$ cat work_8.csv   # CSV, C-alpha atoms
chain,number,residue,atom,x,y,z
Y,11,GLY,CA,-39.3,-4.9,27.4
Y,12,GLN,CA,-41.6,-3.5,24.8
Y,13,GLN,CA,-41.4,-4.9,21.3
Y,14,LEU,CA,-43.1,-3.5,18.3
Y,15,ASN,CA,-45.4,-5.7,16.1
Y,16,GLN,CA,-43.7,-6.2,12.8
Y,17,SER,CA,-45.2,-8.0,9.8
Y,18,PRO,CA,-44.8,-10.2,7.9
Y,19,GLN,CA,-42.7,-12.4,10.0
Y,20,SER,CA,-41.0,-13.9,6.9
Y,21,MET,CA,-41.1,-13.4,3.1
Y,22,PHE,CA,-39.9,-15.5,0.2
Y,23,ILE,CA,-39.8,-13.6,-3.0
Y,24,GLN,CA,-38.4,-13.8,-6.5
Y,25,GLU,CA,-35.4,-11.6,-7.5
Y,26,GLY,CA,-36.8,-8.4,-9.0
Y,27,GLU,CA,-40.0,-8.3,-7.0
Y,28,ASP,CA,-40.9,-5.4,-4.7
Y,29,VAL,CA,-41.1,-6.0,-0.9
Y,30,SER,CA,-43.2,-4.3,1.7
Y,31,MET,CA,-43.1,-4.7,5.5
Y,32,ASN,CA,-44.6,-2.7,8.3
Y,33,CYS,CA,-44.4,-2.0,12.0
Y,34,THR,CA,-47.0,-1.0,14.5
Y,35,SER,CA,-46.9,0.1,18.1
Y,36,SER,CA,-49.4,1.0,20.8
Y,37,SER,CA,-47.2,3.9,21.8
Y,38,ILE,CA,-46.3,7.1,20.0
Y,39,PHE,CA,-42.7,7.4,18.9
Y,40,ASN,CA,-40.7,10.5,17.9
Y,41,THR,CA,-38.3,8.6,15.7
Y,42,TRP,CA,-38.7,5.5,13.6
Y,43,LEU,CA,-35.7,3.5,12.3
Y,44,TRP,CA,-35.2,0.6,10.0
Y,45,TYR,CA,-32.3,-1.8,10.4
Y,46,LYS,CA,-31.0,-4.8,8.5
Y,47,GLN,CA,-29.2,-7.6,10.3
Y,48,ASP,CA,-27.0,-10.3,8.6
Y,49,PRO,CA,-26.2,-13.5,10.4
Y,50,GLY,CA,-23.5,-13.1,13.1
Y,51,GLU,CA,-23.6,-9.3,12.7
Y,52,GLY,CA,-25.2,-6.4,14.6
Y,53,PRO,CA,-28.0,-4.4,13.0
Y,54,VAL,CA,-27.0,-1.8,10.4
Y,55,LEU,CA,-29.1,1.4,10.1
Y,56,LEU,CA,-30.9,1.7,6.7
Y,57,ILE,CA,-33.2,4.6,7.1
Y,58,ALA,CA,-34.2,7.0,9.9
Y,59,LEU,CA,-37.4,9.0,10.1
Y,60,TYR,CA,-37.9,12.0,12.3
Y,61,LYS,CA,-41.3,13.6,11.5
Y,62,ALA,CA,-44.8,12.2,11.2
Y,63,GLY,CA,-45.7,11.7,7.6
Y,64,GLU,CA,-42.1,11.8,6.5
Y,65,LEU,CA,-41.3,9.7,3.4
Y,66,THR,CA,-37.6,9.0,2.9
Y,67,SER,CA,-35.7,7.0,0.3
Y,68,ASN,CA,-32.2,5.4,0.4
Y,69,GLY,CA,-31.5,3.9,-3.0
Y,70,ARG,CA,-34.1,1.1,-3.6
Y,71,LEU,CA,-35.4,1.5,-0.1
Y,72,THR,CA,-38.3,3.8,0.9
Y,73,ALA,CA,-39.7,4.2,4.4
Y,74,GLN,CA,-42.5,6.3,5.8
Y,75,PHE,CA,-43.3,7.6,9.3
Y,76,GLY,CA,-47.0,7.1,9.9
Y,77,ILE,CA,-49.2,10.1,10.6
Y,78,THR,CA,-50.4,8.7,13.9
Y,79,ARG,CA,-46.7,8.2,14.9
Y,80,LYS,CA,-47.6,4.6,15.8
Y,81,ASP,CA,-46.5,2.9,12.6
Y,82,SER,CA,-44.0,2.8,9.8
Y,83,PHE,CA,-43.5,0.9,6.7
Y,84,LEU,CA,-40.4,-0.1,4.6
Y,85,ASN,CA,-40.5,-0.8,0.9
Y,86,ILE,CA,-37.7,-2.4,-1.1
Y,87,SER,CA,-38.0,-2.2,-4.9
Y,88,ALA,CA,-36.5,-4.6,-7.5
Y,89,SER,CA,-35.1,-7.0,-4.8
Y,90,ILE,CA,-31.6,-8.5,-5.4
Y,91,PRO,CA,-30.0,-11.5,-3.7
Y,92,SER,CA,-28.0,-9.4,-1.3
Y,93,ASP,CA,-31.2,-8.0,0.2
Y,94,VAL,CA,-31.5,-11.3,2.1
Y,95,GLY,CA,-31.4,-10.8,5.8
Y,96,ILE,CA,-33.6,-9.8,8.8
Y,97,TYR,CA,-35.1,-6.4,8.8
Y,98,PHE,CA,-36.0,-4.7,12.1
Y,99,CYS,CA,-38.0,-1.5,12.8
Y,100,ALA,CA,-37.2,0.4,15.9
Y,101,GLY,CA,-38.9,3.3,17.6
Y,102,GLN,CA,-37.5,5.9,20.0
Y,103,ASN,CA,-39.6,8.0,22.4
Y,104,THR,CA,-38.6,11.1,24.3
Y,105,GLY,CA,-35.9,9.2,26.2
Y,106,ASN,CA,-33.0,7.3,24.9
Y,107,GLN,CA,-34.6,3.9,24.8
Y,108,PHE,CA,-35.0,2.2,21.5
Y,109,TYR,CA,-37.7,-0.4,21.1
Y,110,PHE,CA,-37.2,-3.0,18.3
Y,111,GLY,CA,-39.7,-5.0,16.3
Y,112,THR,CA,-39.8,-8.7,16.1
Y,113,GLY,CA,-38.1,-8.7,12.7
Y,114,THR,CA,-39.0,-9.7,9.1
Y,115,SER,CA,-36.9,-12.4,7.6
Y,116,LEU,CA,-36.4,-11.8,3.8
Y,117,THR,CA,-35.3,-14.6,1.4
Y,118,VAL,CA,-34.7,-13.6,-2.2
Y,119,ILE,CA,-34.9,-16.5,-4.7
Y,120,PRO,CA,-32.6,-15.9,-7.8
X,20,GLY,CA,-11.0,1.1,15.4
X,21,ALA,CA,-13.4,1.8,12.6
X,22,GLY,CA,-16.4,0.3,14.3
X,23,VAL,CA,-17.8,-1.1,17.6
X,24,SER,CA,-16.0,-4.2,18.7
X,25,GLN,CA,-17.1,-6.8,21.2
X,26,THR,CA,-15.2,-9.5,23.0
X,27,PRO,CA,-15.4,-12.4,23.2
X,28,SER,CA,-17.5,-13.2,20.1
X,29,ASN,CA,-18.7,-16.4,21.8
X,30,LYS,CA,-18.8,-17.4,25.4
X,31,VAL,CA,-19.9,-20.7,26.8
X,32,THR,CA,-20.3,-21.0,30.5
X,33,GLU,CA,-21.9,-23.2,33.1
X,34,LYS,CA,-25.0,-22.3,35.1
X,35,GLY,CA,-24.1,-20.4,38.2
X,36,LYS,CA,-20.9,-18.9,36.8
X,37,TYR,CA,-19.9,-15.3,36.5
X,38,VAL,CA,-19.3,-13.7,33.0
X,39,GLU,CA,-18.0,-10.4,31.7
X,40,LEU,CA,-18.7,-9.1,28.2
X,41,ARG,CA,-16.7,-6.3,26.8
X,42,CYS,CA,-17.6,-3.5,24.4
X,43,ASP,CA,-15.2,-1.1,22.7
X,44,PRO,CA,-17.2,1.8,21.2
X,45,ILE,CA,-16.3,4.0,18.3
X,46,SER,CA,-13.7,6.5,19.4
X,47,GLY,CA,-15.3,9.8,20.4
X,48,HIS,CA,-18.8,8.3,21.0
X,49,THR,CA,-20.1,9.3,24.4
X,50,ALA,CA,-23.3,7.3,24.4
X,51,LEU,CA,-23.2,3.5,24.8
X,52,TYR,CA,-26.0,1.0,24.8
X,53,TRP,CA,-26.3,-2.7,25.7
X,54,TYR,CA,-29.0,-4.8,24.2
X,55,ARG,CA,-29.9,-8.5,24.5
X,56,GLN,CA,-31.2,-10.4,21.5
X,57,SER,CA,-32.8,-13.8,21.9
X,58,LEU,CA,-33.2,-16.2,19.0
X,59,GLY,CA,-35.9,-14.9,16.6
X,60,GLN,CA,-36.4,-11.7,18.4
X,61,GLY,CA,-35.4,-8.1,18.0
X,62,PRO,CA,-32.8,-6.5,20.3
X,63,GLU,CA,-34.1,-5.7,23.8
X,64,PHE,CA,-32.8,-2.6,25.6
X,65,LEU,CA,-30.8,-3.2,28.7
X,66,ILE,CA,-28.8,-0.1,29.7
X,67,TYR,CA,-27.7,3.2,28.3
X,68,PHE,CA,-24.5,5.2,29.3
X,69,GLN,CA,-23.9,8.8,28.7
X,70,GLY,CA,-20.2,9.2,29.5
X,71,THR,CA,-19.3,7.3,32.6
X,72,GLY,CA,-22.7,7.2,34.1
X,73,ALA,CA,-25.6,4.9,33.5
X,74,ALA,CA,-28.3,7.3,32.4
X,75,ASP,CA,-31.0,4.6,32.1
X,76,ASP,CA,-30.6,1.1,33.5
X,77,SER,CA,-34.3,0.3,33.4
X,78,GLY,CA,-33.9,-2.6,31.0
X,79,LEU,CA,-31.6,-4.7,33.2
X,80,PRO,CA,-33.8,-7.8,34.0
X,81,ASN,CA,-32.6,-8.3,37.6
X,82,ASP,CA,-29.8,-7.5,40.0
X,83,ARG,CA,-27.6,-10.3,38.6
X,84,PHE,CA,-26.9,-7.9,35.7
X,85,PHE,CA,-24.9,-4.8,35.9
X,86,ALA,CA,-22.6,-2.8,33.7
X,87,VAL,CA,-19.8,-0.3,34.1
X,88,ARG,CA,-18.0,2.3,32.0
X,89,PRO,CA,-15.4,3.7,34.3
X,90,GLU,CA,-13.6,5.9,31.9
X,91,GLY,CA,-16.4,6.8,29.5
X,92,SER,CA,-15.1,4.5,26.7
X,93,VAL,CA,-14.9,0.7,27.1
X,94,SER,CA,-17.9,-0.8,28.9
X,95,THR,CA,-18.2,-4.2,30.6
X,96,LEU,CA,-21.5,-6.0,31.1
X,97,LYS,CA,-21.3,-8.4,34.1
X,98,ILE,CA,-23.7,-11.2,34.8
X,99,GLN,CA,-23.6,-13.0,38.1
X,100,ARG,CA,-24.9,-16.5,38.8
X,101,THR,CA,-25.7,-17.1,35.2
X,102,GLU,CA,-28.9,-19.0,34.3
X,103,ARG,CA,-29.8,-20.9,31.2
X,104,GLY,CA,-32.3,-18.2,30.3
X,105,ASP,CA,-29.5,-15.7,30.0
X,106,SER,CA,-28.4,-17.4,26.8
X,107,ALA,CA,-28.6,-14.8,24.0
X,108,VAL,CA,-26.6,-12.5,21.8
X,109,TYR,CA,-25.6,-9.4,23.7
X,110,LEU,CA,-25.2,-6.4,21.5
X,111,CYS,CA,-23.4,-3.2,22.2
X,112,ALA,CA,-24.0,0.1,20.3
X,113,SER,CA,-22.5,3.5,20.5
X,114,SER,CA,-23.4,6.9,19.2
X,115,LEU,CA,-22.1,10.5,19.3
X,116,GLY,CA,-24.4,11.1,22.2
X,117,GLY,CA,-25.4,14.7,21.4
X,118,GLY,CA,-28.8,14.0,22.9
X,119,THR,CA,-30.6,14.8,19.6
X,120,SER,CA,-33.1,12.6,17.9
X,121,THR,CA,-30.8,12.3,14.9
X,122,ASP,CA,-28.1,10.5,17.0
X,123,THR,CA,-27.4,7.3,15.0
X,124,GLN,CA,-26.5,4.1,16.9
X,125,TYR,CA,-23.8,1.9,15.5
X,126,PHE,CA,-23.9,-1.7,16.6
X,127,GLY,CA,-21.1,-4.2,17.3
X,128,PRO,CA,-21.3,-7.8,16.1
X,129,GLY,CA,-22.4,-9.1,19.5
X,130,THR,CA,-21.3,-11.7,22.0
X,131,ARG,CA,-23.1,-15.0,21.8
X,132,LEU,CA,-23.5,-16.2,25.4
X,133,THR,CA,-24.5,-19.9,26.0
X,134,VAL,CA,-25.2,-21.0,29.5
X,135,LEU,CA,-25.2,-24.8,29.9
$ encode --input "work_8.csv" --output "structure tokens"
Amino acid sequence: GQQLNQSPQSMFIQEGEDVSMNCTSSSIFNTWLWYKQDPGEGPVLLIALYKAGELTSNGRLTAQFGITRKDSFLNISASIPSDVGIYFCAGQNTGNQFYFGTGTSLTVIP
Amino acid sequence: GAGVSQTPSNKVTEKGKYVELRCDPISGHTALYWYRQSLGQGPEFLIYFQGTGAADDSGLPNDRFFAVRPEGSVSTLKIQRTERGDSAVYLCASSLGGGTSTDTQYFGPGTRLTVL
């Protein structure tokens, strides 16, 4: 199945630093989603984006739906230890299939 | 229950055996999805149910895989003649299923399948 290109693959940052990760696709999507997955758990939805150019915040998280509809980014400000985990982007086209990125593993050093 | 549940949480089987993985969606959710997640990868779509019917099964890798949802609630993913390459975490998700773009999927914790 199709997987989106997500970068960086992993990040090691100091507590308090800001984080940025992005996702690109060769296909256009109608919806972009960002999930966080902890070990042994399923992904949990963080932010959903429904329109090209949309910028949405959820607490310390901000995400944008790219104008071309082929990319999205997620920013985390003032990282804390509980931000540790794997972050996935996902795109949805006109059908009900969701395509996930390869994941960004985030480690926050206290 | 409050969320999507999946059983078993872990399944170890031998190559060639048959396995069944169960998903209990959130009550009232008409849409149900199965994904497969290999180590270090994102979830990969397998099949989507709307009610009792498989609306999209294009992600099933081959005819050894099939899934049912006979009463529109619980779903079972069935894998015949398992192969070592089938080892992965199998995730289930459910959503209200209104068919809108704002329909949020809620994931279960997954079943880790290991084929020896």
$ closest_residue --input "work_8.csv" --among "X:Gly104, X:Gly22, X:Gly78, X:Pro27" --to "chain Y" --atoms "all atoms listed in the file"
X:Gly78
$ closest_residue --input "work_8.csv" --among "Y:Ala100, Y:Val94, Y:Leu65, Y:Ile23" --to "chain X" --atoms "only C-alpha atoms"
Y:Ala100
$ atom_distance --input "work_8.csv" --atom1 "CA of Arg83 in chain X" --atom2 "CA of Lys30 in chain X"
17.4 Å
$ interface_residues --input "work_8.csv" --of "chain X" --to "chain Y" --cutoff "6 Å" --atoms "all atoms listed in the file" --output "list in words"
Gln60, Gly61, Pro62, Phe126, Gly127 and Pro128 of chain X
$ write_last_selection --input "work_8.csv" --atoms "C-alpha atoms" --output "PDB file, in the coordinates of the input"
ATOM      1  CA  GLN X  60     -36.400 -11.700  18.400  1.00  0.00           C
ATOM      2  CA  GLY X  61     -35.400  -8.100  18.000  1.00  0.00           C
ATOM      3  CA  PRO X  62     -32.800  -6.500  20.300  1.00  0.00           C
ATOM      4  CA  PHE X 126     -23.900  -1.700  16.600  1.00  0.00           C
ATOM      5  CA  GLY X 127     -21.100  -4.200  17.300  1.00  0.00           C
ATOM      6  CA  PRO X 128     -21.300  -7.800  16.100  1.00  0.00           C
TER       7      PRO X 128
END
$ closest_residue --input "work_8.csv" --among "X:Gln56, X:Thr49, X:Thr101, X:Ser106" --to "Arg88 in chain X" --atoms "only C-alpha atoms"
X:Thr49
$ closest_residue --input "work_8.csv" --among "X:Tyr37, X:Tyr109, X:Trp53, X:Phe64" --to "Ser94 in chain X" --atoms "only C-alpha atoms"
X:Trp53
$ atom_distance --input "work_8.csv" --atom1 "CA of Asn85 in chain Y" --atom2 "CA of Asp122 in chain X"
23.3 Å
$ residues_around --input "work_8.csv" --residues "Thr72 in chain Y" --least-positions-apart "4" --cutoff "6 Å" --atoms "all atoms listed in the file" --output "ChimeraX atom specification"
/Y:66-67,84-85
